[in-house]
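> After the structure tokens below, expect a handful of questions from me.
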Amino acid sequence: LSSSSSSSSQRKAKLEEEAAPSSSLSSSSSSSSSSPSYSFRAIPAAAAAAVTNDIKAISFDFTGTLAKVKGSTEEHYLMALEKSICNNPRLGPALWKGLEANKNIKPKLLPCFSNAYKKHMKQLPVFGYGQMTSEEWWRLVINDSFIEAGVPEDLMMVVSTDVTEILYRHFATKDAWELYPEVVPLIKALNSSGIKLGVVSNFDGRLREILKSLEIDQYFEFVVTSRELGVEKPSKKIFEEAMRKADIYSPDAMIHVGDTVKTDVLGPLDFGMPFVFIQRHGGGIDGSRDSPQQKTIEVYYYYHSS
């Protein structure tokens, strides 16, 4: 595990530079290209080191850290569209078959979803917090994703509500998510050690349902989502709320674990909180695919001692 005792401000400046699109934390954090990659199982070593530094709680990001979308986002979206069309007496299976014949829709759907997500997150931040329900916010994203991918706009006017209801319910269950294989043994071990565990994620209100569906909710004493607070990581407010729920009075007493530099590294670092940064190679981040040739995970542990 790579650890550092550099000052918080120096480390933050270095990580901000490494977080730029043209560079990679893994390459700039390694002294050579042959430096080892660690599996997810390296995290208990970091946790063990943290215990000696009076760590009382550990918070985990969700997507890309504990779990990932099962299969592909496109498959889930097309499943919902098919159900909505085929179950509508005004439309029916024949219309779906004609739409399915358009081979351009599926490959365009993921980038179109990414564009729609970013657009509406900018216009209506934090899943429309204070302006609409999160389901209404997702309807905007879903509708724009399909239309941009080539689904006729007049068709989406008919099925948009049904598609959104199907997807919103679907993504609240384990049918849409899968845990990384090492997660359950890890959180069981940490839970039995007496450390308080929680989930801190830029997510809407369905996160607790998802944790329950995945049968891991019993291991977490606290859950904090961006939607419930109206702010996202890296805001200090979300980490302060995590500390409050964990009954922790100093950021030095909690570690945050995550896979994104901006939210899961710079946020805790600016707050004075130790972190474990996981960089997965070959899937699970930003819609990328798992690759049989690349399934390494690098883990970086940072503890700032005053």
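Labeling convention for the structure tokens: chains A, B, ... as they appear, residues from 1 per chain, ligands from 1 in order of appearance.
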Taking 4 positions as the minimum chain separation for residues in the same chain, which residues sit within 10 Å of region 227-244 of chain A when counting only C-alpha atoms? Answer as a compact mmCIF listing (two decimals) with N, CA and C atoms, in the first residue's frame.

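Done, and the output landed in around-v7.txt:
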```
# COMPACT_ATOMS: atom_id res chain seq x y z
N ALA A 57 -14.42 4.57 12.57
CA ALA A 57 -15.46 4.33 11.57
C ALA A 57 -14.86 4.36 10.17
N ILE A 58 -15.51 3.65 9.26
CA ILE A 58 -15.11 3.64 7.85
C ILE A 58 -16.35 3.85 7.01
N SER A 59 -16.29 4.81 6.10
CA SER A 59 -17.40 5.04 5.17
C SER A 59 -16.98 4.60 3.77
N ASP A 61 -17.93 4.62 -0.43
CA ASP A 61 -18.70 5.02 -1.60
C ASP A 61 -19.45 3.77 -2.08
N PRO A 125 -29.22 20.26 -10.13
CA PRO A 125 -28.24 19.51 -9.35
C PRO A 125 -28.85 18.58 -8.31
N VAL A 126 -28.08 17.58 -7.97
CA VAL A 126 -28.39 16.62 -6.92
C VAL A 126 -29.78 16.00 -7.13
N PHE A 127 -29.96 15.48 -8.35
CA PHE A 127 -31.20 14.77 -8.70
C PHE A 127 -32.44 15.65 -8.52
N GLY A 128 -32.27 16.94 -8.84
CA GLY A 128 -33.39 17.86 -8.76
C GLY A 128 -33.79 18.26 -7.35
N TYR A 129 -32.85 18.18 -6.43
CA TYR A 129 -33.12 18.48 -5.02
C TYR A 129 -33.84 19.82 -4.87
N GLY A 130 -34.96 19.82 -4.14
CA GLY A 130 -35.71 21.03 -3.87
C GLY A 130 -36.58 21.51 -5.01
N THR A 133 -39.09 15.48 -7.55
CA THR A 133 -38.69 14.20 -6.96
C THR A 133 -37.54 13.62 -7.78
N SER A 134 -36.79 12.73 -7.18
CA SER A 134 -35.68 12.11 -7.92
C SER A 134 -36.21 11.27 -9.09
N GLY A 198 -20.26 2.57 7.26
CA GLY A 198 -21.35 3.32 6.65
C GLY A 198 -21.14 3.47 5.16
N VAL A 199 -22.14 3.99 4.48
CA VAL A 199 -22.06 4.26 3.05
C VAL A 199 -22.33 5.75 2.85
N VAL A 200 -21.43 6.41 2.14
CA VAL A 200 -21.55 7.84 1.84
C VAL A 200 -21.43 7.98 0.34
N SER A 201 -22.53 8.35 -0.32
CA SER A 201 -22.54 8.29 -1.79
C SER A 201 -23.35 9.41 -2.40
N ASN A 202 -22.90 9.87 -3.57
CA ASN A 202 -23.69 10.79 -4.38
C ASN A 202 -24.77 9.96 -5.07
N PHE A 203 -25.89 9.81 -4.40
CA PHE A 203 -26.92 8.88 -4.84
C PHE A 203 -28.27 9.44 -4.42
N ASP A 204 -29.34 8.91 -5.03
CA ASP A 204 -30.68 9.34 -4.64
C ASP A 204 -31.20 8.47 -3.49
N GLY A 205 -32.48 8.64 -3.17
CA GLY A 205 -33.03 8.01 -1.98
C GLY A 205 -33.19 6.51 -2.02
N ARG A 206 -32.88 5.88 -3.16
CA ARG A 206 -33.05 4.43 -3.26
C ARG A 206 -31.89 3.63 -2.68
N PHE A 222 -24.69 3.53 9.30
CA PHE A 222 -25.18 4.81 8.80
C PHE A 222 -25.08 4.85 7.27
N VAL A 223 -26.01 5.58 6.68
CA VAL A 223 -26.04 5.80 5.23
C VAL A 223 -26.30 7.28 5.00
N ILE A 248 -18.97 10.38 15.59
CA ILE A 248 -17.53 10.64 15.55
C ILE A 248 -17.34 12.15 15.63
N TYR A 249 -16.36 12.60 16.43
CA TYR A 249 -16.19 14.04 16.65
C TYR A 249 -14.96 14.62 15.98
N SER A 250 -14.13 13.79 15.39
CA SER A 250 -12.94 14.27 14.69
C SER A 250 -12.79 13.54 13.36
N PRO A 251 -12.53 14.27 12.27
CA PRO A 251 -12.36 13.60 10.98
C PRO A 251 -11.21 12.60 10.97
N ALA A 253 -10.79 10.35 12.94
CA ALA A 253 -11.26 9.08 13.48
C ALA A 253 -12.06 8.27 12.47
N MET A 254 -12.15 8.76 11.23
CA MET A 254 -12.90 8.05 10.20
C MET A 254 -12.09 7.97 8.91
N HIS A 256 -12.53 7.31 4.74
CA HIS A 256 -13.48 7.17 3.62
C HIS A 256 -12.83 6.36 2.52
N VAL A 261 -11.29 10.31 -7.69
CA VAL A 261 -10.37 11.27 -7.09
C VAL A 261 -11.10 12.52 -6.59
N LYS A 262 -11.92 13.12 -7.45
CA LYS A 262 -12.56 14.39 -7.08
C LYS A 262 -13.44 14.26 -5.85
N THR A 263 -14.23 13.21 -5.78
CA THR A 263 -15.21 13.09 -4.70
C THR A 263 -14.71 12.31 -3.50
N ASP A 264 -13.93 11.26 -3.72
CA ASP A 264 -13.57 10.34 -2.65
C ASP A 264 -12.16 10.54 -2.11
N VAL A 265 -11.38 11.39 -2.78
CA VAL A 265 -10.03 11.68 -2.33
C VAL A 265 -9.90 13.15 -1.92
N LEU A 266 -10.20 14.05 -2.86
CA LEU A 266 -10.05 15.47 -2.56
C LEU A 266 -11.02 15.93 -1.49
N GLY A 267 -12.21 15.34 -1.47
CA GLY A 267 -13.18 15.69 -0.43
C GLY A 267 -12.68 15.38 0.96
N PRO A 268 -12.35 14.12 1.25
CA PRO A 268 -11.82 13.79 2.57
C PRO A 268 -10.51 14.53 2.89
N LEU A 269 -9.65 14.67 1.89
CA LEU A 269 -8.37 15.32 2.12
C LEU A 269 -8.56 16.76 2.56
N ASP A 270 -9.46 17.47 1.90
CA ASP A 270 -9.74 18.86 2.25
C ASP A 270 -10.36 18.96 3.64
N PHE A 271 -11.04 17.91 4.06
CA PHE A 271 -11.72 17.87 5.35
C PHE A 271 -10.79 17.38 6.46
N GLY A 272 -9.62 16.87 6.08
CA GLY A 272 -8.70 16.33 7.07
C GLY A 272 -9.01 14.91 7.47
N MET A 273 -9.69 14.18 6.56
CA MET A 273 -10.10 12.80 6.85
C MET A 273 -9.21 11.83 6.08
```
> Residues within 8 Å of Val151 (chain A), please, as a list in words. Count only C-alpha atoms; anything in the same chain fewer than 5 positions from it doesn't count.
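Neighbouring residues, sequence-local ones excluded: Leu99, Ile105, Phe146 and Met156 of chain A.
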> Could those selected residues go to a file with N, CA and C atoms, as a short mmCIF file (atom, residue, chain, number, x, y, z; two decimals), in the first residue's frame?

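Final file, result.cif:
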```
data_model
loop_
_atom_site.label_atom_id
_atom_site.label_comp_id
_atom_site.auth_asym_id
_atom_site.auth_seq_id
_atom_site.Cartn_x
_atom_site.Cartn_y
_atom_site.Cartn_z
N LEU A 99 -38.43 -1.43 -34.02
CA LEU A 99 -37.46 -0.58 -33.34
C LEU A 99 -36.17 -1.33 -33.04
N ILE A 105 -29.27 2.05 -32.19
CA ILE A 105 -29.73 2.57 -30.90
C ILE A 105 -28.88 2.07 -29.74
N PHE A 146 -32.95 8.15 -24.59
CA PHE A 146 -33.55 7.39 -25.68
C PHE A 146 -33.72 8.23 -26.95
N MET A 156 -41.61 8.19 -27.41
CA MET A 156 -41.22 8.42 -26.02
C MET A 156 -42.29 9.20 -25.26
#
```
> By how many Å are CA of Ile147 (chain A) and CA of His120 (chain A) apart?
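Going from CA of Ile147 (chain A) over to CA of His120 (chain A) covers 14.7 Å.
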> Would you mind listing what lies within 9 Å of Leu211 (chain A) as an MDAnalysis selection string, with only C-alpha atoms counted and same-chain residues fewer than 4 positions away left out?
chainID A and resid 172:174 206:207 215:218
> Pick out the residues sitting within 6 Å of region 160-164 of chain A, and hand them over as a list in words; count only C-alpha atoms, and ignore anything fewer than 6 positions along from it in its own chain.
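Returned residues: Ala80, Leu81, Ser84 and Arg139 of chain A.
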> Please produce an output containing C-alpha atoms for each residue in the selection, written as a PDB file, in the first residue's frame.

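Produced file again15.pdb, reproduced below:
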```
ATOM      1  CA  ALA A  80     -37.635  -1.373 -19.856  1.00  0.00           C
ATOM      2  CA  LEU A  81     -38.387   0.111 -23.270  1.00  0.00           C
ATOM      3  CA  SER A  84     -43.330  -0.564 -22.049  1.00  0.00           C
ATOM      4  CA  ARG A 139     -37.533  10.686 -16.204  1.00  0.00           C
TER       5      ARG A 139
END
```
> Once DSSP has gone over the backbone, tell me which residues of region 128-275 of chain A are in alpha helix (DSSP H), as a VMD selection string.
chain A and resid 128 134 to 149 153 to 170 183 to 192 207 to 213 226 to 229 236 to 246 266 to 271
> Select, from A:Leu214, A:Leu179, A:Asp252, A:Glu221, the residue with the minimum atom-to-atom distance to Thr65 (chain A), counting only C-alpha atoms.
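Comparing A:Leu214, A:Leu179, A:Asp252, A:Glu221 against Thr65 (chain A), the winner is A:Leu179.
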> Rounded to one decimal, what separation in Å do you get between CA of Pro274 (chain A) and CA of Asn191 (chain A)?
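So the answer is 18.7 Å.
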> Take CA of Arg208 (chain A) and CA of Phe62 (chain A) and report the distance between them in Å, one decimal.
10.9 Å
> Apply DSSP to the structure's backbone, then extract all residues of region 45-293 of chain A labelled strand (DSSP E) and return them as JSON, numbers by chain.
{"A": [57, 58, 59, 60, 67, 68, 69, 177, 178, 179, 196, 197, 198, 199, 200, 201, 222, 223, 224, 225, 254, 255, 256, 257, 258, 275, 276, 277, 278, 279, 280]}
